[in-house]
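Trainee: Sharing run-v2.txt (compact mmCIF, C-alpha atoms and all ligand atoms) below.
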# COMPACT_ATOMS: atom_id res chain seq x y z
CA MET A 1 116.59 94.41 53.76
CA LYS A 2 118.47 92.09 56.08
CA ILE A 3 120.18 94.07 58.83
CA ILE A 4 122.73 92.88 61.40
CA VAL A 5 122.35 94.98 64.54
CA THR A 6 125.40 94.50 66.78
CA GLY A 7 124.97 95.28 70.47
CA GLY A 8 121.20 94.85 70.17
CA ALA A 9 120.88 93.45 73.70
CA GLY A 10 122.08 96.77 75.13
CA PHE A 11 120.17 99.96 75.81
CA ILE A 12 120.03 101.78 72.46
CA GLY A 13 120.53 98.70 70.28
CA GLY A 14 117.66 97.01 72.14
CA ASN A 15 115.33 99.96 71.60
CA PHE A 16 116.45 100.02 67.95
CA CYS A 17 115.60 96.31 67.50
CA HIS A 18 112.12 96.92 68.96
CA TYR A 19 111.59 99.89 66.64
CA MET A 20 112.84 98.18 63.47
CA VAL A 21 111.12 94.81 64.00
CA ASN A 22 107.77 96.50 64.61
CA THR A 23 108.11 99.20 61.92
CA TYR A 24 109.45 97.07 59.06
CA PRO A 25 107.83 93.60 59.04
CA ASP A 26 109.39 92.90 55.61
CA ASP A 27 112.94 93.53 56.82
CA THR A 28 114.87 90.96 58.84
CA ILE A 29 116.73 92.08 61.95
CA ILE A 30 119.55 89.89 63.22
CA CYS A 31 120.85 90.92 66.62
CA LEU A 32 124.47 89.96 67.25
CA ASP A 33 125.53 90.49 70.86
CA LYS A 34 128.25 89.10 73.12
CA LEU A 35 126.03 89.55 76.19
CA THR A 36 128.61 91.31 78.32
CA TYR A 37 127.46 92.68 81.69
CA ALA A 38 125.53 95.33 79.68
CA GLY A 39 123.72 92.94 77.38
CA ASN A 40 120.38 91.69 78.65
CA LEU A 41 118.22 89.20 76.79
CA GLU A 42 115.21 90.24 78.87
CA THR A 43 115.27 93.46 76.83
CA LEU A 44 114.63 91.40 73.70
CA GLU A 45 112.02 89.12 75.29
CA PRO A 46 109.06 90.85 73.54
CA LEU A 47 110.69 90.14 70.14
CA LYS A 48 111.54 86.48 70.59
CA ASP A 49 108.53 85.13 68.65
CA LYS A 50 108.65 87.70 65.84
CA LYS A 51 109.28 86.11 62.44
CA ASN A 52 111.54 88.94 61.28
CA PHE A 53 113.86 88.82 64.32
CA LYS A 54 116.74 86.55 65.26
CA PHE A 55 119.26 86.71 68.14
CA ILE A 56 122.80 85.35 67.77
CA LYS A 57 125.34 85.38 70.59
CA GLY A 58 128.81 86.33 69.39
CA ASP A 59 131.73 88.71 69.66
CA ILE A 60 132.36 91.39 67.02
CA CYS A 61 136.09 90.89 67.64
CA ASP A 62 135.85 87.27 66.48
CA ARG A 63 136.68 87.58 62.78
CA ASP A 64 135.90 83.96 61.84
CA PHE A 65 132.54 84.14 63.56
CA VAL A 66 131.61 87.46 61.90
CA TYR A 67 132.65 86.21 58.47
CA GLU A 68 130.71 82.95 58.90
CA LEU A 69 127.66 84.94 59.92
CA CYS A 70 127.91 87.13 56.83
CA GLU A 71 128.29 84.03 54.66
CA SER A 72 125.30 82.24 56.13
CA GLU A 73 122.94 85.20 56.54
CA LYS A 74 124.00 87.35 53.57
CA PRO A 75 123.04 90.67 55.24
CA ASP A 76 122.67 93.93 53.33
CA VAL A 77 123.65 96.20 56.19
CA ILE A 78 125.56 96.17 59.49
CA ILE A 79 124.63 98.75 62.13
CA ASN A 80 127.24 98.76 64.90
CA PHE A 81 125.93 99.56 68.37
CA ALA A 82 128.20 97.02 70.08
CA ALA A 83 130.60 98.76 72.41
CA GLU A 84 131.88 99.12 75.89
CA SER A 85 129.96 102.28 76.69
CA HIS A 86 130.48 103.42 80.27
CA VAL A 87 133.05 106.21 80.84
CA ASP A 88 133.55 105.23 84.49
CA ARG A 89 134.39 101.64 83.54
CA SER A 90 136.85 102.92 80.92
CA VAL A 91 138.72 104.72 83.71
CA LEU A 92 138.99 101.43 85.62
CA GLU A 93 139.72 99.11 82.67
CA PRO A 94 140.63 100.75 79.32
CA ASP A 95 141.86 97.58 77.56
CA VAL A 96 138.49 96.09 76.72
CA PHE A 97 137.37 99.47 75.33
CA VAL A 98 140.16 99.47 72.76
CA LYS A 99 139.52 95.83 71.94
CA THR A 100 135.77 95.99 71.36
CA ASN A 101 135.34 99.58 70.24
CA VAL A 102 138.33 99.79 67.91
CA LEU A 103 139.37 96.27 66.88
CA GLY A 104 135.77 95.00 66.84
CA THR A 105 134.75 97.86 64.55
CA GLN A 106 137.65 97.00 62.25
CA VAL A 107 136.44 93.39 61.94
CA LEU A 108 132.98 94.65 60.95
CA LEU A 109 134.48 97.07 58.41
CA ASP A 110 136.50 94.21 56.91
CA ALA A 111 133.36 92.06 56.74
CA THR A 112 131.49 94.89 54.99
CA LYS A 113 134.31 95.05 52.45
CA LYS A 114 134.74 91.29 51.96
CA TYR A 115 131.02 90.59 51.49
CA ASN A 116 130.20 93.77 49.55
CA LEU A 117 127.53 94.90 51.97
CA LYS A 118 125.42 97.90 50.98
CA ARG A 119 126.11 99.85 54.16
CA PHE A 120 128.10 99.91 57.39
CA HIS A 121 126.71 102.34 59.93
CA GLN A 122 128.80 103.26 62.97
CA VAL A 123 126.84 104.42 66.02
CA SER A 124 129.14 106.98 67.58
CA THR A 125 128.91 109.66 70.22
CA ASP A 126 129.28 113.40 70.72
CA GLU A 127 131.95 112.52 73.30
CA VAL A 128 134.51 112.20 70.45
CA TYR A 129 134.53 116.04 70.35
CA GLY A 130 135.70 116.31 73.95
CA ASP A 131 133.92 118.92 76.03
CA LEU A 132 132.81 122.56 75.91
CA PRO A 133 133.26 125.20 78.63
CA LEU A 134 130.33 125.88 80.95
CA ASP A 135 130.51 129.67 80.42
CA ARG A 136 130.21 129.72 76.59
CA PRO A 137 126.61 128.60 75.92
CA GLU A 138 126.83 129.73 72.29
CA LEU A 139 129.40 126.98 71.50
CA MET A 140 128.08 123.68 70.11
CA PHE A 141 129.52 120.65 68.32
CA ASP A 142 128.95 120.54 64.58
CA GLU A 143 130.32 117.74 62.39
CA ASN A 144 133.51 119.71 61.66
CA TYR A 145 134.34 120.33 65.30
CA LYS A 146 137.78 118.97 66.16
CA ILE A 147 138.06 115.45 67.54
CA LYS A 148 139.46 115.79 71.05
CA ALA A 149 138.36 112.84 73.15
CA SER A 150 138.90 112.99 76.94
CA SER A 151 138.32 109.48 78.31
CA PRO A 152 139.52 106.05 77.22
CA TYR A 153 135.88 105.43 76.18
CA SER A 154 135.62 108.49 73.94
CA ALA A 155 139.14 107.97 72.58
CA SER A 156 138.21 104.44 71.53
CA LYS A 157 135.01 105.69 69.87
CA ALA A 158 136.95 108.45 68.08
CA SER A 159 139.46 105.85 66.84
CA ALA A 160 136.63 103.73 65.45
CA ASP A 161 135.19 106.79 63.67
CA LEU A 162 138.55 107.58 62.08
CA LEU A 163 138.93 103.98 60.97
CA THR A 164 135.43 104.01 59.48
CA LEU A 165 136.14 107.22 57.52
CA ALA A 166 139.51 105.82 56.41
CA TYR A 167 137.77 102.73 54.97
CA TYR A 168 135.49 105.08 53.02
CA ARG A 169 138.41 107.09 51.66
CA THR A 170 140.73 104.14 50.97
CA PHE A 171 138.31 101.39 49.89
CA ASN A 172 135.27 103.46 48.96
CA LEU A 173 133.31 101.48 51.56
CA PRO A 174 129.67 102.64 51.89
CA VAL A 175 129.80 103.93 55.47
CA THR A 176 127.86 106.45 57.54
CA ILE A 177 128.41 107.65 61.11
CA SER A 178 126.00 109.16 63.62
CA ARG A 179 127.26 111.07 66.66
CA CYS A 180 124.53 111.41 69.24
CA SER A 181 124.28 113.11 72.60
CA ASN A 182 123.29 111.32 75.85
CA ASN A 183 120.23 109.10 75.48
CA TYR A 184 117.63 108.22 78.10
CA GLY A 185 114.56 105.98 78.11
CA PRO A 186 113.45 102.37 78.76
CA TYR A 187 115.99 99.51 79.11
CA HIS A 188 118.81 101.87 80.17
CA PHE A 189 121.31 99.88 82.25
CA PRO A 190 121.05 101.06 85.87
CA GLU A 191 124.64 102.26 86.25
CA LYS A 192 124.16 105.32 84.02
CA LEU A 193 122.98 108.60 85.53
CA ILE A 194 119.20 108.64 84.92
CA PRO A 195 118.31 104.97 85.61
CA LEU A 196 120.75 104.88 88.55
CA MET A 197 119.07 107.87 90.18
CA ILE A 198 115.58 106.50 89.54
CA GLN A 199 116.26 103.10 91.10
CA ARG A 200 118.22 104.48 94.06
CA ALA A 201 115.56 107.10 94.80
CA LEU A 202 112.90 104.40 94.67
CA ASN A 203 114.92 102.45 97.25
CA ASP A 204 115.52 105.62 99.37
CA GLU A 205 119.29 105.23 98.88
CA PRO A 206 121.78 108.15 98.55
CA LEU A 207 122.10 109.57 95.01
CA PRO A 208 125.81 109.98 94.13
CA VAL A 209 126.30 113.24 92.21
CA TYR A 210 129.85 113.78 90.94
CA GLY A 211 131.62 117.02 91.93
CA GLU A 212 129.14 119.86 92.27
CA GLY A 213 126.66 118.44 89.77
CA LYS A 214 127.23 121.34 87.38
CA ASN A 215 128.39 119.28 84.38
CA VAL A 216 125.98 119.61 81.47
CA ARG A 217 124.66 116.83 79.22
CA ASP A 218 122.42 117.20 76.15
CA TRP A 219 119.65 114.60 76.63
CA LEU A 220 117.76 112.90 73.80
CA TYR A 221 114.94 110.37 74.11
CA VAL A 222 116.23 107.02 72.83
CA LEU A 223 113.46 106.52 70.23
CA ASP A 224 114.40 109.80 68.56
CA HIS A 225 117.96 108.49 68.23
CA CYS A 226 116.71 105.17 66.78
CA LYS A 227 114.64 107.03 64.18
CA ALA A 228 117.63 109.17 63.24
CA ILE A 229 119.82 106.10 62.67
CA ASP A 230 117.14 104.43 60.55
CA LEU A 231 116.86 107.61 58.45
CA ILE A 232 120.63 107.89 57.98
CA VAL A 233 120.91 104.25 56.90
CA ARG A 234 118.06 104.64 54.36
CA LYS A 235 118.65 108.21 53.13
CA GLY A 236 122.03 109.42 54.40
CA LYS A 237 124.94 110.10 52.09
CA VAL A 238 127.82 107.63 52.25
CA GLY A 239 131.05 108.92 53.76
CA GLU A 240 129.12 111.43 55.89
CA VAL A 241 128.90 112.08 59.62
CA TYR A 242 125.57 113.22 61.11
CA ASN A 243 125.29 114.76 64.57
CA VAL A 244 122.10 113.86 66.44
CA GLY A 245 120.73 115.88 69.35
CA GLY A 246 117.67 117.74 70.54
CA HIS A 247 118.92 121.01 72.09
CA ASN A 248 118.17 119.78 75.55
CA GLU A 249 121.06 120.73 77.81
CA LYS A 250 120.71 120.15 81.51
CA ALA A 251 123.09 120.26 84.47
CA ASN A 252 123.29 116.87 86.20
CA ILE A 253 122.00 118.27 89.48
CA ASP A 254 118.89 119.61 87.74
CA VAL A 255 118.19 116.21 86.18
CA VAL A 256 118.54 114.57 89.59
CA LYS A 257 116.18 117.11 91.18
CA ILE A 258 113.58 116.57 88.43
CA ILE A 259 113.68 112.81 89.10
CA LEU A 260 113.31 113.32 92.87
CA LYS A 261 110.36 115.68 92.34
CA GLU A 262 108.62 113.25 89.97
CA LEU A 263 109.04 110.44 92.50
CA GLY A 264 108.03 112.60 95.49
CA LYS A 265 111.39 111.93 97.20
CA PRO A 266 113.41 114.48 99.28
CA GLU A 267 116.50 116.30 97.95
CA SER A 268 118.26 115.23 101.14
CA LEU A 269 118.96 111.94 99.31
CA ILE A 270 121.49 113.81 97.13
CA LYS A 271 125.07 112.99 98.08
CA TYR A 272 127.91 114.91 96.42
CA VAL A 273 130.84 112.53 95.82
CA THR A 274 134.40 112.76 94.47
CA ASP A 275 134.40 113.87 90.86
CA ARG A 276 135.13 111.56 87.91
CA PRO A 277 138.76 111.94 86.72
CA GLY A 278 138.90 114.05 83.52
CA HIS A 279 135.13 114.70 83.79
CA ASP A 280 133.86 116.42 80.62
CA LEU A 281 132.18 119.71 81.51
CA ARG A 282 129.55 120.18 78.86
CA TYR A 283 128.25 118.52 75.69
CA ALA A 284 125.98 120.32 73.22
CA ILE A 285 125.07 119.06 69.76
CA ASN A 286 124.28 121.18 66.74
CA PRO A 287 121.90 118.93 64.77
CA GLU A 288 121.31 121.32 61.83
CA LYS A 289 122.81 119.00 59.21
CA ILE A 290 120.50 116.03 59.85
CA GLU A 291 117.52 118.37 60.18
CA ARG A 292 118.30 120.19 56.95
CA GLU A 293 119.47 117.26 54.78
CA LEU A 294 117.29 114.40 56.06
CA GLY A 295 114.35 116.21 57.66
CA TRP A 296 114.93 114.61 61.10
CA LYS A 297 113.46 116.33 64.16
CA PRO A 298 113.29 115.07 67.75
CA GLU A 299 109.69 114.24 68.68
CA THR A 300 109.87 113.81 72.46
CA LYS A 301 110.31 116.77 74.80
CA PHE A 302 112.45 116.09 77.89
CA GLU A 303 109.53 116.97 80.22
CA ASP A 304 107.43 114.17 78.63
CA GLY A 305 110.27 111.71 78.02
CA ILE A 306 111.51 111.77 81.60
CA LYS A 307 107.96 111.20 82.95
CA TYR A 308 107.49 108.27 80.59
CA THR A 309 110.92 106.86 81.50
CA ILE A 310 110.20 107.05 85.24
CA LYS A 311 106.82 105.38 84.67
CA TRP A 312 108.57 102.62 82.69
CA TYR A 313 111.00 101.94 85.54
CA LEU A 314 108.10 101.85 88.00
CA GLU A 315 106.16 99.41 85.84
CA ASN A 316 109.16 97.23 84.95
CA ARG A 317 110.82 96.66 88.30
CA PRO A 318 111.76 93.02 87.56
CA TRP A 319 113.84 94.17 84.55
CA TRP A 320 116.19 96.32 86.63
CA GLU A 321 115.95 94.34 89.87
CA HIS A 322 117.30 91.28 88.03
CA ILE A 323 120.29 93.33 86.95
CA ILE A 324 120.94 94.75 90.38
CA SER A 325 120.80 91.37 92.06
CA GLY A 326 123.59 90.12 89.76
CA GLU A 327 127.09 91.24 88.90
CA TYR A 328 126.03 94.86 89.03
CA GLN A 329 126.19 94.73 92.80
CA ASN A 330 129.95 93.98 92.76
CA TYR A 331 130.52 96.72 90.23
CA PHE A 332 128.61 99.17 92.37
CA ASN A 333 130.66 98.39 95.48
CA ASN A 334 133.97 98.73 93.57
CA MET A 335 132.93 102.04 92.10
CA TYR A 336 131.23 103.77 95.01
CA GLY A 337 132.34 101.79 98.07
CA LYS A 338 134.96 104.35 99.01
CA ARG A 339 132.98 107.39 97.88
CA ILE A 340 129.74 107.13 99.85
P1 LIG B 1 125.20 99.44 76.22
O1 LIG B 1 126.44 99.32 77.04
O2 LIG B 1 123.89 99.52 76.90
O3 LIG B 1 125.13 98.20 75.20
C1 LIG B 1 126.25 97.71 74.52
C2 LIG B 1 125.90 96.32 73.99
O4 LIG B 1 127.03 95.84 73.23
C3 LIG B 1 125.63 95.28 75.07
O5 LIG B 1 124.48 94.54 74.75
C4 LIG B 1 126.87 94.40 75.05
O6 LIG B 1 126.61 93.05 75.41
C5 LIG B 1 127.28 94.50 73.58
N1 LIG B 1 128.71 94.21 73.36
C6 LIG B 1 129.76 94.72 74.06
N2 LIG B 1 130.91 94.21 73.57
C7 LIG B 1 130.57 93.40 72.54
C8 LIG B 1 131.32 92.61 71.63
N3 LIG B 1 132.67 92.56 71.70
N4 LIG B 1 130.67 91.91 70.68
C9 LIG B 1 129.32 91.96 70.60
N5 LIG B 1 128.55 92.67 71.45
C10 LIG B 1 129.17 93.39 72.41
O7 LIG B 1 125.44 100.69 75.28
P2 LIG B 1 124.39 101.76 74.72
O8 LIG B 1 124.22 102.84 75.71
O9 LIG B 1 123.19 101.05 74.22
O10 LIG B 1 125.22 102.37 73.51
C11 LIG B 1 125.15 101.76 72.22
C12 LIG B 1 126.06 102.50 71.27
O11 LIG B 1 125.67 103.87 71.19
C13 LIG B 1 127.53 102.50 71.72
O12 LIG B 1 128.34 102.33 70.58
C14 LIG B 1 127.73 103.89 72.32
O13 LIG B 1 129.05 104.31 72.17
C15 LIG B 1 126.76 104.72 71.50
N6 LIG B 1 126.17 105.91 72.16
C16 LIG B 1 125.59 105.78 73.38
C17 LIG B 1 124.99 106.90 73.97
C18 LIG B 1 124.28 106.81 75.28
O14 LIG B 1 123.82 107.84 75.81
N7 LIG B 1 124.12 105.62 75.88
C19 LIG B 1 125.02 108.14 73.30
C20 LIG B 1 125.63 108.22 72.05
C21 LIG B 1 126.20 107.08 71.49
P1 LIG B 2 126.72 108.87 82.38
O1 LIG B 2 125.29 108.44 82.43
O2 LIG B 2 127.77 107.93 82.89
O3 LIG B 2 127.02 109.32 80.88
P2 LIG B 2 128.31 110.09 80.26
O4 LIG B 2 129.41 110.07 81.23
O5 LIG B 2 128.61 109.25 79.05
O6 LIG B 2 127.83 111.45 79.91
O7 LIG B 2 126.86 110.22 83.19
C1 LIG B 2 126.12 111.36 82.85
C2 LIG B 2 126.57 112.48 83.75
O8 LIG B 2 126.21 112.19 85.09
C3 LIG B 2 128.08 112.67 83.76
O9 LIG B 2 128.37 114.07 83.83
C4 LIG B 2 128.55 111.99 85.02
C5 LIG B 2 127.37 112.18 85.95
N1 LIG B 2 127.14 111.09 86.93
C6 LIG B 2 126.99 111.41 88.29
O10 LIG B 2 127.05 112.58 88.70
N2 LIG B 2 126.76 110.38 89.16
C7 LIG B 2 126.71 109.08 88.76
O11 LIG B 2 126.54 108.17 89.61
C8 LIG B 2 126.86 108.78 87.36
C9 LIG B 2 126.79 107.37 86.87
C10 LIG B 2 127.05 109.83 86.48
What is this structure when it is put down as structure tokens?

Mentor:
Amino acid sequence: MKIIVTGGAGFIGGNFCHYMVNTYPDDTIICLDKLTYAGNLETLEPLKDKKNFKFIKGDICDRDFVYELCESEKPDVIINFAAESHVDRSVLEPDVFVKTNVLGTQVLLDATKKYNLKRFHQVSTDEVYGDLPLDRPELMFDENYKIKASSPYSASKASADLLTLAYYRTFNLPVTISRCSNNYGPYHFPEKLIPLMIQRALNDEPLPVYGEGKNVRDWLYVLDHCKAIDLIVRKGKVGEVYNVGGHNEKANIDVVKIILKELGKPESLIKYVTDRPGHDLRYAINPEKIERELGWKPETKFEDGIKYTIKWYLENRPWWEHIISGEYQNYFNNMYGKRI
């Protein structure tokens, strides 16, 4: 198989490229990435000499470019990770979220149709379901849960999902969608909760916890997500949505305390800051469908995954220090300058 992986220089797409290139030497993986602030070629450095891997810089919104790529490479499959992915940035600048996440997805759907590709897989998120209350632990998102996005980010992802399903219904396009909970692991851009807290704790800087830190996220180790996507692309039923999650709900403040304990740093570093506008309270995925129909199960327990992730950040300081010394610094000041 020849697979175009869009957004492969980002966190999950990068981990996916590593997994696919090393697991399937007979498949060819072509990473297409615009290299926005979130794309980092250093993530793909270990793959650069692999015969079954190629990197191409480009924008999924650029129709001519995407069509030319499909003509020259003749891929079988497109897996779309490319997105603007940070909720906080979507509060500051929604436009680019609609452009990349909605219009970019449409270009890829059109390319799938025009070049008769065997599959288009949309990497989506549990955030399209909105949030759950904190006091109803029995409630979880299944695939039929109503779409009720809260942020410009999740609204743009929900729009892309609807478009993808509409192309299935209208054009019989061979599509699948995965909706996963929050991921953590290596190569996670250090503006998201877990890598941000690790690097700031290592530098003995205050850890900004939004509101009271009670919001709950359902954490999944990134490799488990990559394996789920691979399984859906190979064995999933077209036109179907699969939720992906590992029943691992944690309040933000508990995650932060675990990180501090692992690093031997004091809880006095915690700094409660103004809450995120429209902050979703709780996410919780019901993954029964993918477990039952495709036999997927998460393999990494949070207790092990978080230790491994912290170790990775300790052993790969240059990877995140290079990010922090660049544009990230300006972003950080804009976002937190008035809060801390
Ligand atoms: P990320 O921000 O780390 O990476 C996104 C990548 O897309 C970057 O490499 C960026 O350069 C690239 N990109 C952005 N705009 C582009 C464009 N117009 N054309 C081509 N490339 C472009 O994101 P991530 O955390 O790796 O998330 C990947 C996907 O998974 C996203 O679609 C996201 O919605 C989804 N998702 C993420 C999580 C999570 O916890 N991070 C959970 C569920 C789903
Ligand atoms: P984030 O990693 O941005 O993922 P998402 O918003 O997509 O779930 O945030 C995870 C949780 O951590 C979310 O409830 C917001 C919270 N958070 C903080 O408390 N402080 C921070 O500095 C960040 C980035 C997030």

Trainee: Show me which residues are within 7 Å of ligand LIG 2 (chain B) counting only C-alpha atoms and all ligand atoms, and format the list as number ranges by chain.

Mentor: A: 86-88, 182, 191-194, 196, 208-210, 213, 215-217, 252, 279-280

Trainee: How about saving the chosen residues, C-alpha atoms kept, as a PDB file, in the coordinates of the input?

Mentor:
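Output below, filename out_32.pdb:
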ATOM      1  CA  HIS A  86     130.480 103.420  80.270  1.00  0.00           C
ATOM      2  CA  VAL A  87     133.050 106.210  80.840  1.00  0.00           C
ATOM      3  CA  ASP A  88     133.550 105.230  84.490  1.00  0.00           C
ATOM      4  CA  ASN A 182     123.290 111.320  75.850  1.00  0.00           C
ATOM      5  CA  GLU A 191     124.640 102.260  86.250  1.00  0.00           C
ATOM      6  CA  LYS A 192     124.160 105.320  84.020  1.00  0.00           C
ATOM      7  CA  LEU A 193     122.980 108.600  85.530  1.00  0.00           C
ATOM      8  CA  ILE A 194     119.200 108.640  84.920  1.00  0.00           C
ATOM      9  CA  LEU A 196     120.750 104.880  88.550  1.00  0.00           C
ATOM     10  CA  PRO A 208     125.810 109.980  94.130  1.00  0.00           C
ATOM     11  CA  VAL A 209     126.300 113.240  92.210  1.00  0.00           C
ATOM     12  CA  TYR A 210     129.850 113.780  90.940  1.00  0.00           C
ATOM     13  CA  GLY A 213     126.660 118.440  89.770  1.00  0.00           C
ATOM     14  CA  ASN A 215     128.390 119.280  84.380  1.00  0.00           C
ATOM     15  CA  VAL A 216     125.980 119.610  81.470  1.00  0.00           C
ATOM     16  CA  ARG A 217     124.660 116.830  79.220  1.00  0.00           C
ATOM     17  CA  ASN A 252     123.290 116.870  86.200  1.00  0.00           C
ATOM     18  CA  HIS A 279     135.130 114.700  83.790  1.00  0.00           C
ATOM     19  CA  ASP A 280     133.860 116.420  80.620  1.00  0.00           C
TER      20      ASP A 280
END

Trainee: Please measure the separation of CA of Ser150 in chain A and CA of Arg89 in chain A, giving the value in Å to one decimal.

Mentor: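 If I compute the distance from CA of Ser150 in chain A to CA of Arg89 in chain A, I get 13.9 Å.
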
Trainee: Rounded to one decimal place, report the CA of Gly236 in chain A-CA of Gln122 in chain A distance in Å.

Mentor: 12.5 Å

Trainee: Check which residues of chain A sit at most 7 Å from ligand LIG 1 (chain B) using all atoms listed in the file, and return one row each with the closest pair of atoms and their distance in Å to one decimal, ordered by chain and rising number, as JSON lines.

Mentor:
{"residue": "A:Thr6", "atom": "CA", "partner": "B:LIG1", "partner_atom": "N5", "distance": 5.9}
{"residue": "A:Gly7", "atom": "CA", "partner": "B:LIG1", "partner_atom": "O4", "distance": 3.5}
{"residue": "A:Gly8", "atom": "CA", "partner": "B:LIG1", "partner_atom": "O5", "distance": 5.6}
{"residue": "A:Ala9", "atom": "CA", "partner": "B:LIG1", "partner_atom": "O5", "distance": 3.9}
{"residue": "A:Gly10", "atom": "CA", "partner": "B:LIG1", "partner_atom": "O5", "distance": 3.3}
{"residue": "A:Phe11", "atom": "CA", "partner": "B:LIG1", "partner_atom": "O9", "distance": 3.6}
{"residue": "A:Ile12", "atom": "CA", "partner": "B:LIG1", "partner_atom": "O9", "distance": 3.7}
{"residue": "A:Gly13", "atom": "CA", "partner": "B:LIG1", "partner_atom": "O9", "distance": 5.3}
{"residue": "A:Leu32", "atom": "CA", "partner": "B:LIG1", "partner_atom": "C9", "distance": 6.2}
{"residue": "A:Asp33", "atom": "CA", "partner": "B:LIG1", "partner_atom": "N5", "distance": 3.8}
{"residue": "A:Lys34", "atom": "CA", "partner": "B:LIG1", "partner_atom": "N5", "distance": 4.0}
{"residue": "A:Leu35", "atom": "CA", "partner": "B:LIG1", "partner_atom": "O6", "distance": 3.6}
{"residue": "A:Thr36", "atom": "CA", "partner": "B:LIG1", "partner_atom": "O6", "distance": 3.9}
{"residue": "A:Tyr37", "atom": "CA", "partner": "B:LIG1", "partner_atom": "O6", "distance": 6.3}
{"residue": "A:Ala38", "atom": "CA", "partner": "B:LIG1", "partner_atom": "C3", "distance": 4.6}
{"residue": "A:Gly39", "atom": "CA", "partner": "B:LIG1", "partner_atom": "O5", "distance": 3.2}
{"residue": "A:Asn40", "atom": "CA", "partner": "B:LIG1", "partner_atom": "O5", "distance": 6.3}
{"residue": "A:Gly58", "atom": "CA", "partner": "B:LIG1", "partner_atom": "C9", "distance": 5.8}
{"residue": "A:Asp59", "atom": "CA", "partner": "B:LIG1", "partner_atom": "N4", "distance": 3.5}
{"residue": "A:Ile60", "atom": "CA", "partner": "B:LIG1", "partner_atom": "N4", "distance": 4.1}
{"residue": "A:Cys61", "atom": "CA", "partner": "B:LIG1", "partner_atom": "N3", "distance": 5.6}
{"residue": "A:Asn80", "atom": "CA", "partner": "B:LIG1", "partner_atom": "O12", "distance": 6.8}
{"residue": "A:Phe81", "atom": "CA", "partner": "B:LIG1", "partner_atom": "C12", "distance": 4.1}
{"residue": "A:Ala82", "atom": "CA", "partner": "B:LIG1", "partner_atom": "O4", "distance": 3.6}
{"residue": "A:Ala83", "atom": "CA", "partner": "B:LIG1", "partner_atom": "C6", "distance": 4.4}
{"residue": "A:Glu84", "atom": "CA", "partner": "B:LIG1", "partner_atom": "C6", "distance": 5.2}
{"residue": "A:Ser85", "atom": "CA", "partner": "B:LIG1", "partner_atom": "O1", "distance": 4.6}
{"residue": "A:His86", "atom": "CA", "partner": "B:LIG1", "partner_atom": "O1", "distance": 6.6}
{"residue": "A:Thr100", "atom": "CA", "partner": "B:LIG1", "partner_atom": "N3", "distance": 4.6}
{"residue": "A:Gly104", "atom": "CA", "partner": "B:LIG1", "partner_atom": "N3", "distance": 6.3}
{"residue": "A:Val123", "atom": "CA", "partner": "B:LIG1", "partner_atom": "O12", "distance": 5.2}
{"residue": "A:Ser124", "atom": "CA", "partner": "B:LIG1", "partner_atom": "C21", "distance": 4.9}
{"residue": "A:Thr125", "atom": "CA", "partner": "B:LIG1", "partner_atom": "C21", "distance": 4.0}
{"residue": "A:Asp126", "atom": "CA", "partner": "B:LIG1", "partner_atom": "C20", "distance": 6.5}
{"residue": "A:Lys157", "atom": "CA", "partner": "B:LIG1", "partner_atom": "O13", "distance": 6.5}
{"residue": "A:Arg179", "atom": "CA", "partner": "B:LIG1", "partner_atom": "C20", "distance": 6.3}
{"residue": "A:Cys180", "atom": "CA", "partner": "B:LIG1", "partner_atom": "C20", "distance": 4.4}
{"residue": "A:Ser181", "atom": "CA", "partner": "B:LIG1", "partner_atom": "C19", "distance": 5.1}
{"residue": "A:Asn182", "atom": "CA", "partner": "B:LIG1", "partner_atom": "O14", "distance": 3.5}
{"residue": "A:Asn183", "atom": "CA", "partner": "B:LIG1", "partner_atom": "O14", "distance": 3.8}
{"residue": "A:Tyr184", "atom": "CA", "partner": "B:LIG1", "partner_atom": "O14", "distance": 6.6}
{"residue": "A:His188", "atom": "CA", "partner": "B:LIG1", "partner_atom": "O2", "distance": 6.5}
{"residue": "A:Phe189", "atom": "CA", "partner": "B:LIG1", "partner_atom": "O2", "distance": 6.0}

Trainee: Taking (129.0, 98.3, 49.0) in the file's coordinates, which residues come within 12 Å, counting all atoms listed in the file, written as a list of chain:residue names?

Mentor: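 Those residues lying close to the given coordinates are A:Pro75, A:Asp76, A:Val77, A:Ile78, A:Leu109, A:Asp110, A:Ala111, A:Thr112, A:Lys113, A:Lys114, A:Tyr115, A:Asn116, A:Leu117, A:Lys118, A:Arg119, A:Phe120, A:His121, A:Tyr167, A:Tyr168, A:Phe171, A:Asn172, A:Leu173, A:Pro174, A:Val175, A:Thr176, A:Val238, A:Gly239.
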